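Colleague: To be precise about what I am sending: the file is called query-v3.cif and holds mmCIF, C-alpha atoms.
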data_input
loop_
_atom_site.group_PDB
_atom_site.id
_atom_site.type_symbol
_atom_site.label_atom_id
_atom_site.label_comp_id
_atom_site.auth_asym_id
_atom_site.auth_seq_id
_atom_site.Cartn_x
_atom_site.Cartn_y
_atom_site.Cartn_z
ATOM 1 C CA MET A 5 33.446 15.642 43.208
ATOM 2 C CA ASN A 6 34.006 12.099 42.174
ATOM 3 C CA ALA A 7 35.738 10.962 39.031
ATOM 4 C CA SER A 8 32.606 9.750 37.278
ATOM 5 C CA SER A 9 31.172 13.255 36.940
ATOM 6 C CA THR A 10 34.151 14.416 34.908
ATOM 7 C CA THR A 11 34.751 11.202 32.985
ATOM 8 C CA PRO A 12 32.337 10.772 30.093
ATOM 9 C CA SER A 13 30.162 7.693 30.459
ATOM 10 C CA VAL A 14 30.145 4.943 27.850
ATOM 11 C CA THR A 15 26.879 6.213 26.365
ATOM 12 C CA GLU A 16 28.238 9.751 26.152
ATOM 13 C CA VAL A 17 31.240 8.491 24.219
ATOM 14 C CA ALA A 18 28.951 6.516 21.965
ATOM 15 C CA GLN A 19 26.728 9.527 21.417
ATOM 16 C CA LYS A 20 29.673 11.687 20.408
ATOM 17 C CA GLN A 21 30.427 9.243 17.603
ATOM 18 C CA MET A 22 26.815 9.335 16.483
ATOM 19 C CA LYS A 23 25.759 11.682 13.724
ATOM 20 C CA HIS A 24 23.114 14.177 14.782
ATOM 21 C CA THR A 25 22.438 15.429 11.294
ATOM 22 C CA CYS A 26 22.219 13.473 8.080
ATOM 23 C CA GLU A 27 23.607 15.149 4.999
ATOM 24 C CA HIS A 28 21.743 12.805 2.647
ATOM 25 C CA HIS A 29 18.553 12.272 4.598
ATOM 26 C CA ALA A 30 16.161 12.463 1.634
ATOM 27 C CA GLU A 31 18.078 9.664 -0.066
ATOM 28 C CA CYS A 32 18.224 7.721 3.217
ATOM 29 C CA MET A 33 14.438 8.008 3.605
ATOM 30 C CA LYS A 34 13.982 6.300 0.243
ATOM 31 C CA ILE A 35 16.420 3.576 1.242
ATOM 32 C CA ILE A 36 14.777 3.069 4.636
ATOM 33 C CA GLN A 37 11.391 2.621 2.958
ATOM 34 C CA ALA A 38 12.835 0.203 0.402
ATOM 35 C CA ILE A 39 14.401 -1.820 3.244
ATOM 36 C CA LEU A 40 11.105 -1.990 5.138
ATOM 37 C CA ASP A 41 9.280 -2.959 1.950
ATOM 38 C CA ASP A 42 11.858 -5.687 1.334
ATOM 39 C CA GLU A 43 12.637 -4.081 -2.027
ATOM 40 C CA ALA A 44 16.123 -2.665 -1.447
ATOM 41 C CA SER A 45 18.928 -3.287 -3.935
ATOM 42 C CA GLU A 46 22.281 -4.662 -2.729
ATOM 43 C CA ALA A 47 23.799 -1.151 -2.871
ATOM 44 C CA GLU A 48 20.932 0.199 -0.771
ATOM 45 C CA LYS A 49 21.353 -2.616 1.755
ATOM 46 C CA ASP A 50 25.080 -1.814 2.005
ATOM 47 C CA HIS A 51 24.367 1.885 2.562
ATOM 48 C CA PHE A 52 21.818 0.961 5.214
ATOM 49 C CA ARG A 53 24.202 -1.355 7.078
ATOM 50 C CA GLU A 54 26.998 1.221 7.054
ATOM 51 C CA ASN A 55 24.920 4.136 8.283
ATOM 52 C CA MET A 56 22.099 2.828 10.382
ATOM 53 C CA ASP A 57 23.961 2.371 13.656
ATOM 54 C CA LYS A 58 25.542 5.810 13.739
ATOM 55 C CA CYS A 59 23.043 8.283 12.303
ATOM 56 C CA ILE A 60 20.431 9.439 14.806
ATOM 57 C CA PRO A 61 18.024 11.043 12.276
ATOM 58 C CA CYS A 62 18.072 7.812 10.244
ATOM 59 C CA ILE A 63 17.548 5.591 13.298
ATOM 60 C CA GLU A 64 14.553 7.700 14.338
ATOM 61 C CA ALA A 65 13.203 7.745 10.795
ATOM 62 C CA TYR A 66 13.508 3.973 10.570
ATOM 63 C CA ARG A 67 11.571 3.544 13.834
ATOM 64 C CA LEU A 68 8.849 5.926 12.649
ATOM 65 C CA GLU A 69 8.488 4.376 9.193
ATOM 66 C CA LYS A 70 8.363 0.872 10.676
ATOM 67 C CA CYS A 71 5.802 1.931 13.254
ATOM 68 C CA ILE A 72 3.556 3.495 10.575
ATOM 69 C CA LYS A 73 3.858 0.472 8.310
ATOM 70 C CA ASP A 74 3.041 -1.904 11.172
ATOM 71 C CA SER A 75 0.111 0.268 12.275
ATOM 72 C CA LEU A 76 -1.369 0.247 8.772
ATOM 73 C CA ASN A 77 -0.986 -3.479 8.543
ATOM 74 C CA MET A 78 -2.128 -4.488 12.008
ATOM 75 C CA LYS A 79 -4.386 -1.759 13.426
ATOM 76 C CA ILE A 80 -6.744 -1.037 10.534
ATOM 77 C CA VAL A 81 -9.783 -3.275 10.822
ATOM 78 C CA LYS A 82 -10.282 -5.648 7.907
ATOM 79 C CA LYS A 83 -13.964 -6.289 7.348
ATOM 80 C CA PRO A 84 -15.193 -9.610 6.032
ATOM 81 C CA CYS A 85 -16.976 -9.415 2.692
ATOM 82 C CA PRO A 86 -20.755 -9.445 3.364
ATOM 83 C CA ASP A 87 -22.432 -12.798 2.583
ATOM 84 C CA SER A 88 -24.975 -11.044 0.382
ATOM 85 C CA ILE A 89 -22.225 -10.115 -2.113
ATOM 86 C CA LEU A 90 -20.858 -13.629 -2.100
ATOM 87 C CA ASN A 91 -24.294 -15.121 -2.695
ATOM 88 C CA THR A 92 -25.070 -12.721 -5.537
ATOM 89 C CA ILE A 93 -21.786 -13.539 -7.263
ATOM 90 C CA ILE A 94 -22.314 -17.273 -6.923
ATOM 91 C CA SER A 95 -25.909 -17.159 -8.168
ATOM 92 C CA LYS A 96 -24.956 -14.941 -11.133
ATOM 93 C CA ILE A 97 -22.109 -17.108 -12.347
ATOM 94 C CA ASN A 98 -24.278 -20.218 -12.006
ATOM 95 C CA SER A 99 -27.142 -18.794 -14.050
ATOM 96 C CA MET B 157 -15.407 -41.063 -38.634
ATOM 97 C CA LEU B 158 -14.388 -39.292 -35.410
ATOM 98 C CA VAL B 159 -13.391 -35.678 -35.492
ATOM 99 C CA ALA B 160 -10.704 -34.695 -33.043
ATOM 100 C CA MET B 161 -12.571 -32.038 -31.085
ATOM 101 C CA SER B 162 -9.557 -31.017 -29.128
ATOM 102 C CA GLU B 163 -7.898 -29.637 -32.228
ATOM 103 C CA THR B 164 -10.271 -26.703 -32.164
ATOM 104 C CA LEU B 165 -9.306 -25.838 -28.595
ATOM 105 C CA THR B 166 -6.207 -23.856 -27.778
ATOM 106 C CA THR B 167 -4.350 -24.783 -24.606
ATOM 107 C CA ASN B 168 -5.527 -21.550 -22.985
ATOM 108 C CA GLU B 169 -9.191 -22.374 -23.290
ATOM 109 C CA TYR B 170 -11.030 -23.498 -20.223
ATOM 110 C CA THR B 171 -13.705 -26.157 -20.053
ATOM 111 C CA ASP B 172 -16.787 -25.195 -18.066
ATOM 112 C CA ASP B 173 -15.705 -27.370 -15.147
ATOM 113 C CA LEU B 174 -12.266 -25.814 -15.130
ATOM 114 C CA ARG B 175 -13.728 -22.287 -15.146
ATOM 115 C CA TYR B 176 -15.632 -22.997 -11.946
ATOM 116 C CA GLU B 177 -12.729 -24.842 -10.399
ATOM 117 C CA VAL B 178 -10.240 -22.036 -11.050
ATOM 118 C CA PHE B 179 -12.760 -19.419 -9.954
ATOM 119 C CA ASN B 180 -13.328 -21.140 -6.632
ATOM 120 C CA ARG B 181 -9.745 -22.146 -5.986
ATOM 121 C CA GLU B 182 -7.877 -19.044 -7.200
ATOM 122 C CA PHE B 183 -10.319 -16.127 -6.959
ATOM 123 C CA MET B 184 -12.691 -16.707 -4.049
ATOM 124 C CA PRO B 185 -10.001 -16.788 -1.315
ATOM 125 C CA HIS B 186 -9.264 -13.106 -2.055
ATOM 126 C CA ILE B 187 -12.793 -11.818 -1.648
ATOM 127 C CA ASP B 188 -12.237 -10.211 1.773
ATOM 128 C CA SER B 189 -9.126 -8.363 0.566
ATOM 129 C CA MET B 190 -11.009 -7.295 -2.552
ATOM 130 C CA TYR B 191 -13.910 -6.022 -0.483
ATOM 131 C CA ASN B 192 -11.632 -3.995 1.783
ATOM 132 C CA PHE B 193 -9.762 -2.568 -1.204
ATOM 133 C CA ALA B 194 -13.062 -1.593 -2.839
ATOM 134 C CA PHE B 195 -14.295 0.022 0.353
ATOM 135 C CA ARG B 196 -11.105 2.022 0.854
ATOM 136 C CA LEU B 197 -11.213 3.212 -2.756
ATOM 137 C CA THR B 198 -14.883 4.198 -2.876
ATOM 138 C CA MET B 199 -15.369 5.036 0.825
ATOM 139 C CA ASP B 200 -18.938 3.900 0.364
ATOM 140 C CA GLU B 201 -20.448 0.522 1.281
ATOM 141 C CA ASP B 202 -22.920 0.335 -1.616
ATOM 142 C CA ASP B 203 -20.274 1.289 -4.166
ATOM 143 C CA ALA B 204 -17.876 -1.238 -2.636
ATOM 144 C CA ASN B 205 -20.522 -3.967 -2.918
ATOM 145 C CA ASP B 206 -21.160 -3.154 -6.582
ATOM 146 C CA LEU B 207 -17.471 -2.878 -7.372
ATOM 147 C CA VAL B 208 -16.634 -6.277 -5.870
ATOM 148 C CA GLN B 209 -19.556 -7.945 -7.638
ATOM 149 C CA ASP B 210 -18.691 -6.366 -10.987
ATOM 150 C CA THR B 211 -15.053 -7.348 -10.609
ATOM 151 C CA TYR B 212 -15.816 -10.987 -9.820
ATOM 152 C CA LEU B 213 -18.296 -11.267 -12.676
ATOM 153 C CA LYS B 214 -15.755 -9.756 -15.068
ATOM 154 C CA ALA B 215 -13.101 -12.112 -13.714
ATOM 155 C CA PHE B 216 -15.366 -15.072 -14.443
ATOM 156 C CA ARG B 217 -16.259 -13.834 -17.905
ATOM 157 C CA PHE B 218 -12.626 -13.237 -18.847
ATOM 158 C CA ILE B 219 -11.195 -16.190 -16.943
ATOM 159 C CA SER B 220 -9.527 -17.545 -20.094
ATOM 160 C CA SER B 221 -7.129 -14.595 -20.004
ATOM 161 C CA PHE B 222 -6.008 -15.595 -16.501
ATOM 162 C CA GLU B 223 -2.884 -17.682 -16.756
ATOM 163 C CA GLN B 224 -2.937 -20.420 -14.135
ATOM 164 C CA GLY B 225 0.023 -20.381 -11.807
ATOM 165 C CA THR B 226 0.337 -16.588 -11.962
ATOM 166 C CA ASN B 227 -0.692 -14.270 -9.137
ATOM 167 C CA ALA B 228 -4.492 -14.361 -9.011
ATOM 168 C CA LYS B 229 -4.731 -11.718 -6.310
ATOM 169 C CA ALA B 230 -2.768 -9.178 -8.374
ATOM 170 C CA TRP B 231 -4.855 -10.068 -11.446
ATOM 171 C CA LEU B 232 -8.091 -9.448 -9.531
ATOM 172 C CA PHE B 233 -6.834 -6.225 -7.943
ATOM 173 C CA ARG B 234 -5.945 -4.915 -11.390
ATOM 174 C CA ILE B 235 -9.471 -5.573 -12.684
ATOM 175 C CA LEU B 236 -10.979 -3.952 -9.605
ATOM 176 C CA LYS B 237 -8.774 -0.877 -9.910
ATOM 177 C CA ASN B 238 -9.618 -0.515 -13.632
ATOM 178 C CA SER B 239 -13.343 -0.879 -12.932
ATOM 179 C CA PHE B 240 -13.034 1.733 -10.224
ATOM 180 C CA ILE B 241 -11.353 4.211 -12.573
ATOM 181 C CA ASN B 242 -13.698 3.568 -15.493
ATOM 182 C CA ASP B 243 -17.024 3.139 -13.764
ATOM 183 C CA TYR B 244 -16.954 4.554 -10.267
ATOM 184 C CA ARG B 245 -14.541 7.407 -10.104
ATOM 185 C CA LYS B 246 -16.697 9.534 -12.373
ATOM 186 C CA LYS B 247 -19.709 9.250 -10.124
ATOM 187 C CA SER B 248 -17.699 9.185 -6.934
ATOM 188 C CA LYS B 249 -19.435 10.607 -3.897
ATOM 189 C CA GLU B 250 -16.109 11.476 -2.367
ATOM 190 C CA PRO B 251 -16.285 15.171 -1.475
ATOM 191 C CA SER B 252 -13.640 17.737 -2.403
ATOM 192 C CA LYS B 253 -11.599 15.182 -4.279
ATOM 193 C CA VAL B 254 -8.167 16.484 -5.091
ATOM 194 C CA ASP B 255 -7.203 16.108 -8.715
ATOM 195 C CA TYR B 256 -4.395 13.602 -8.678
ATOM 196 C CA GLN B 257 -2.504 15.021 -11.624
ATOM 197 C CA GLU B 258 -2.469 18.360 -9.884
ATOM 198 C CA VAL B 259 -1.085 16.877 -6.691
ATOM 199 C CA GLU B 260 1.573 14.898 -8.508
ATOM 200 C CA THR B 261 2.626 17.961 -10.506
ATOM 201 C CA THR B 262 2.842 20.032 -7.351
ATOM 202 C CA TYR B 263 4.961 17.430 -5.653
ATOM 203 C CA ASN B 264 7.210 16.995 -8.669
ATOM 204 C CA SER B 265 7.798 20.705 -8.922
ATOM 205 C CA GLU B 266 8.703 20.740 -5.251
ATOM 206 C CA GLU B 267 11.256 17.992 -5.641
ATOM 207 C CA ALA B 268 13.962 20.377 -4.426
ATOM 208 C CA SER B 269 12.210 21.160 -1.166
ATOM 209 C CA ASP B 270 11.394 17.466 -0.877
ATOM 210 C CA THR B 271 15.061 16.750 -0.190
ATOM 211 C CA THR B 272 14.885 18.444 3.183
ATOM 212 C CA TYR B 273 11.390 17.202 3.857
ATOM 213 C CA THR B 274 10.834 15.911 7.360
ATOM 214 C CA VAL B 275 7.678 15.661 9.391
ATOM 215 C CA ASP B 276 7.988 16.258 13.083
ATOM 216 C CA LEU B 277 6.344 13.054 14.223
ATOM 217 C CA ARG B 278 7.636 10.506 16.675
ATOM 218 C CA ALA B 279 7.121 6.754 16.547
ATOM 219 C CA ASP B 280 5.773 6.803 20.128
ATOM 220 C CA ALA B 281 2.974 9.161 19.061
ATOM 221 C CA VAL B 282 2.015 6.812 16.210
ATOM 222 C CA GLN B 283 2.071 3.868 18.585
ATOM 223 C CA GLU B 284 -0.619 5.570 20.675
ATOM 224 C CA LEU B 285 -3.024 5.949 17.751
ATOM 225 C CA ILE B 286 -5.867 3.469 17.415
ATOM 226 C CA GLY B 287 -6.875 1.757 14.164
ATOM 227 C CA ASP B 288 -9.697 4.180 13.345
ATOM 228 C CA GLU B 289 -7.342 7.131 13.632
ATOM 229 C CA VAL B 290 -4.801 5.499 11.333
ATOM 230 C CA ALA B 291 -7.603 4.603 8.892
ATOM 231 C CA ASN B 292 -8.929 8.183 8.941
ATOM 232 C CA ALA B 293 -5.485 9.567 8.186
ATOM 233 C CA LEU B 294 -5.177 7.130 5.284
ATOM 234 C CA ASN B 295 -8.674 7.941 4.000
ATOM 235 C CA ALA B 296 -7.821 11.638 3.998
ATOM 236 C CA LEU B 297 -5.221 11.104 1.255
ATOM 237 C CA PRO B 298 -6.058 11.632 -2.438
ATOM 238 C CA VAL B 299 -7.132 8.298 -3.897
ATOM 239 C CA ASP B 300 -3.983 7.556 -5.924
ATOM 240 C CA PHE B 301 -1.723 8.069 -2.929
ATOM 241 C CA ARG B 302 -4.114 6.094 -0.744
ATOM 242 C CA THR B 303 -4.025 3.272 -3.283
ATOM 243 C CA VAL B 304 -0.252 2.717 -3.234
ATOM 244 C CA ILE B 305 -0.217 2.589 0.558
ATOM 245 C CA ILE B 306 -3.091 0.097 0.632
ATOM 246 C CA LEU B 307 -1.394 -2.129 -1.942
ATOM 247 C CA CYS B 308 2.024 -2.021 -0.301
ATOM 248 C CA ASP B 309 1.471 -1.734 3.443
ATOM 249 C CA ILE B 310 -1.937 -3.359 3.930
ATOM 250 C CA GLU B 311 -1.986 -5.966 1.157
ATOM 251 C CA GLY B 312 1.755 -6.627 0.969
ATOM 252 C CA PHE B 313 2.170 -6.487 -2.810
ATOM 253 C CA THR B 314 5.697 -6.151 -4.200
ATOM 254 C CA TYR B 315 6.659 -3.070 -6.218
ATOM 255 C CA GLU B 316 6.608 -5.213 -9.351
ATOM 256 C CA GLU B 317 3.076 -6.438 -8.642
ATOM 257 C CA MET B 318 1.971 -2.879 -7.881
ATOM 258 C CA ALA B 319 3.432 -1.694 -11.192
ATOM 259 C CA LYS B 320 1.303 -4.279 -13.000
ATOM 260 C CA ILE B 321 -1.851 -3.542 -11.025
ATOM 261 C CA LEU B 322 -1.522 0.207 -11.583
ATOM 262 C CA ASP B 323 -0.022 0.121 -15.102
ATOM 263 C CA ILE B 324 2.877 2.378 -14.108
ATOM 264 C CA PRO B 325 6.679 1.827 -14.086
ATOM 265 C CA ILE B 326 8.345 0.559 -10.889
ATOM 266 C CA GLY B 327 10.199 3.876 -10.513
ATOM 267 C CA THR B 328 6.841 5.642 -10.360
ATOM 268 C CA VAL B 329 5.608 3.130 -7.775
ATOM 269 C CA ARG B 330 8.589 4.007 -5.587
ATOM 270 C CA SER B 331 8.276 7.766 -5.918
ATOM 271 C CA ARG B 332 4.494 7.760 -5.526
ATOM 272 C CA LEU B 333 4.784 5.607 -2.427
ATOM 273 C CA HIS B 334 7.423 7.925 -1.013
ATOM 274 C CA ARG B 335 5.206 10.972 -1.527
ATOM 275 C CA ALA B 336 2.155 9.142 -0.209
ATOM 276 C CA ARG B 337 4.023 8.339 2.991
ATOM 277 C CA ASN B 338 5.090 11.956 3.453
ATOM 278 C CA LEU B 339 1.469 13.041 3.089
ATOM 279 C CA LEU B 340 0.327 10.323 5.481
ATOM 280 C CA LYS B 341 2.848 11.457 8.084
ATOM 281 C CA GLU B 342 1.410 14.967 7.913
ATOM 282 C CA LYS B 343 -2.095 13.590 8.473
ATOM 283 C CA LEU B 344 -0.897 11.374 11.314
ATOM 284 C CA ARG B 345 0.886 14.279 12.932
ATOM 285 C CA SER B 346 -2.251 16.404 12.955
ATOM 286 C CA TYR B 347 -4.159 13.434 14.397
ATOM 287 C CA ALA B 348 -1.534 12.850 17.049
ATOM 288 C CA SER B 349 -1.517 16.490 18.129
ATOM 289 C CA SER B 350 -5.325 16.789 18.038
ATOM 290 C CA MET B 351 -5.537 13.745 20.287
ATOM 291 C CA GLY B 352 -3.180 15.471 22.672
ATOM 292 C CA TYR B 353 -0.346 13.058 22.060
ATOM 293 C CA ASP B 354 3.043 14.643 22.065
ATOM 294 C CA SER B 355 4.020 14.522 18.426
#
Written as structure tokens, that's how I'd like the structure from this file.
Modeller:
Amino acid sequence: MNASSTTPSVTEVAQKQMKHTCEHHAECMKIIQAILDDEASEAEKDHFRENMDKCIPCIEAYRLEKCIKDSLNMKIVKKPCPDSILNTIISKINS
Amino acid sequence: MLVAMSETLTTNEYTDDLRYEVFNREFMPHIDSMYNFAFRLTMDEDDANDLVQDTYLKAFRFISSFEQGTNAKAWLFRILKNSFINDYRKKSKEPSKVDYQEVETTYNSEEASDTTYTVDLRADAVQELIGDEVANALNALPVDFRTVIILCDIEGFTYEEMAKILDIPIGTVRSRLHRARNLLKEKLRSYASSMGYDS
């Protein structure tokens, strides 16, 4: 047996300080969404900064919310407006 | 004797030239976004075509109520959304449409259970989904929930702009968006698991 197997690693120590449950997760979800939408108040930003590096459920929720938001924005195909609509509009406002 | 014609014009009135100029400069650049919004609301190409045309013709007719320098895109989206509610929603071909009021009431009454609400979905599973799958999950939402997600996440409107477009208070924008995202996560989770991704 070497010493390293009985001594907790740095990540293990870090994980012990992490919160595995969030007692105000519903409130945190609202804050996380406001942060991602760039609509958070100063109080919400403060709460986010204080909690985000030590609460595992919130870190995971942030990753998920960001991933969904990015997917909606970048993956959904945006179709160009058909020329026929454009032409009809132009001819109608000119008549 | 010369009559000062300009005295009969208020500052808000547009000359014919100005109407066309503002229309082209402020309104036309948003036509692709408007078309996509119309399509995602109606889920029907013909209805989307009609809705975009109607909206642009209304915008031209009522151009004097558009204040230059304000957000033209939000102004146009508001007209489109009102036209959709007044003219298209009634004859919507969308099957098994959920009554929005009913959904909102249900969700409000479940506010308590909402506090512990989590959907078992991982970011990695979402990352695997392709655009069509994300779009299908979005399209499966009742139209009012779909709308807030489109406005916020696809079109990038602020909460304040959304409140104006939808004629609802900002607090309602926030809570509706929150509920819409919970519903979307449920849809995405069923997509992810049906595609065999580990959700």
Colleague: Report as a ChimeraX atom specification the residues that result from applying the PyMOL selection byres ((chain B) within 8 of (chain A)) to the structure here.
Modeller: /B:187-189,191-192,205,208-209,212-213,216,270-273,277-279,282-283,286-288,290-291,308-311,314-315,334
Colleague: Applying the PyMOL selection byres ((chain A and resi 58) around 9) to the file I just gave you, which residues come out? Please list them as a list of chain:residue names.
Modeller: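 Residues picked by the PyMOL selection byres ((chain A and resi 58) around 9): A:Ala18, A:Gln19, A:Gln21, A:Met22, A:Lys23, A:His24, A:Glu54, A:Asn55, A:Met56, A:Asp57, A:Cys59, A:Ile60, A:Cys62, A:Ile63.
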Colleague: Run the PyMOL selection byres ((chain B and resi 321) around 9) on the file and write out the hits as a PyMOL selection string.
Modeller: chain B and resi 230-235+237-238+316-320+322-324
Colleague: Hey, can you spit out that residue selection with C-alpha atoms as an mmCIF file, in the coordinates of the input?
Modeller:
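The resulting again-v3.cif:
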data_model
loop_
_atom_site.group_PDB
_atom_site.id
_atom_site.type_symbol
_atom_site.label_atom_id
_atom_site.label_comp_id
_atom_site.auth_asym_id
_atom_site.auth_seq_id
_atom_site.Cartn_x
_atom_site.Cartn_y
_atom_site.Cartn_z
ATOM 1 C CA ALA B 230 -2.768 -9.178 -8.374
ATOM 2 C CA TRP B 231 -4.855 -10.068 -11.446
ATOM 3 C CA LEU B 232 -8.091 -9.448 -9.531
ATOM 4 C CA PHE B 233 -6.834 -6.225 -7.943
ATOM 5 C CA ARG B 234 -5.945 -4.915 -11.390
ATOM 6 C CA ILE B 235 -9.471 -5.573 -12.684
ATOM 7 C CA LYS B 237 -8.774 -0.877 -9.910
ATOM 8 C CA ASN B 238 -9.618 -0.515 -13.632
ATOM 9 C CA GLU B 316 6.608 -5.213 -9.351
ATOM 10 C CA GLU B 317 3.076 -6.438 -8.642
ATOM 11 C CA MET B 318 1.971 -2.879 -7.881
ATOM 12 C CA ALA B 319 3.432 -1.694 -11.192
ATOM 13 C CA LYS B 320 1.303 -4.279 -13.000
ATOM 14 C CA LEU B 322 -1.522 0.207 -11.583
ATOM 15 C CA ASP B 323 -0.022 0.121 -15.102
ATOM 16 C CA ILE B 324 2.877 2.378 -14.108
#
Colleague: Could you check which of B:Ser239, B:Ser349, B:Thr171, B:Ser331 is closest to Thr211 in chain B, using all atoms listed in the file?
Modeller: B:Ser239
Colleague: Between CA of Pro185 in chain B and CA of Lys229 in chain B, what distance in Å does the model show, to one decimal?
Modeller: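 Separating CA of Pro185 in chain B from CA of Lys229 in chain B is a distance of 8.9 Å.
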Colleague: Using only C-alpha atoms for the distances, tell me which of B:Ile326, B:Ala228, B:Met184, B:Ala293 is nearest to Leu340 in chain B.
Modeller: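 Among the listed residues, the smallest separation from Leu340 in chain B belongs to B:Ala293.
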Colleague: Quick check, in Å to one decimal: how far apart do CA of Arg335 in chain B and CA of Val299 in chain B lie?
Modeller: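 CA of Val299 in chain B lies at a distance of 12.8 Å from CA of Arg335 in chain B.
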Colleague: Which distance in Å separates CA of Glu182 in chain B and CA of Lys214 in chain B, to one decimal?
Modeller: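 Interatomic distance, CA of Glu182 in chain B to CA of Lys214 in chain B: 14.5 Å.
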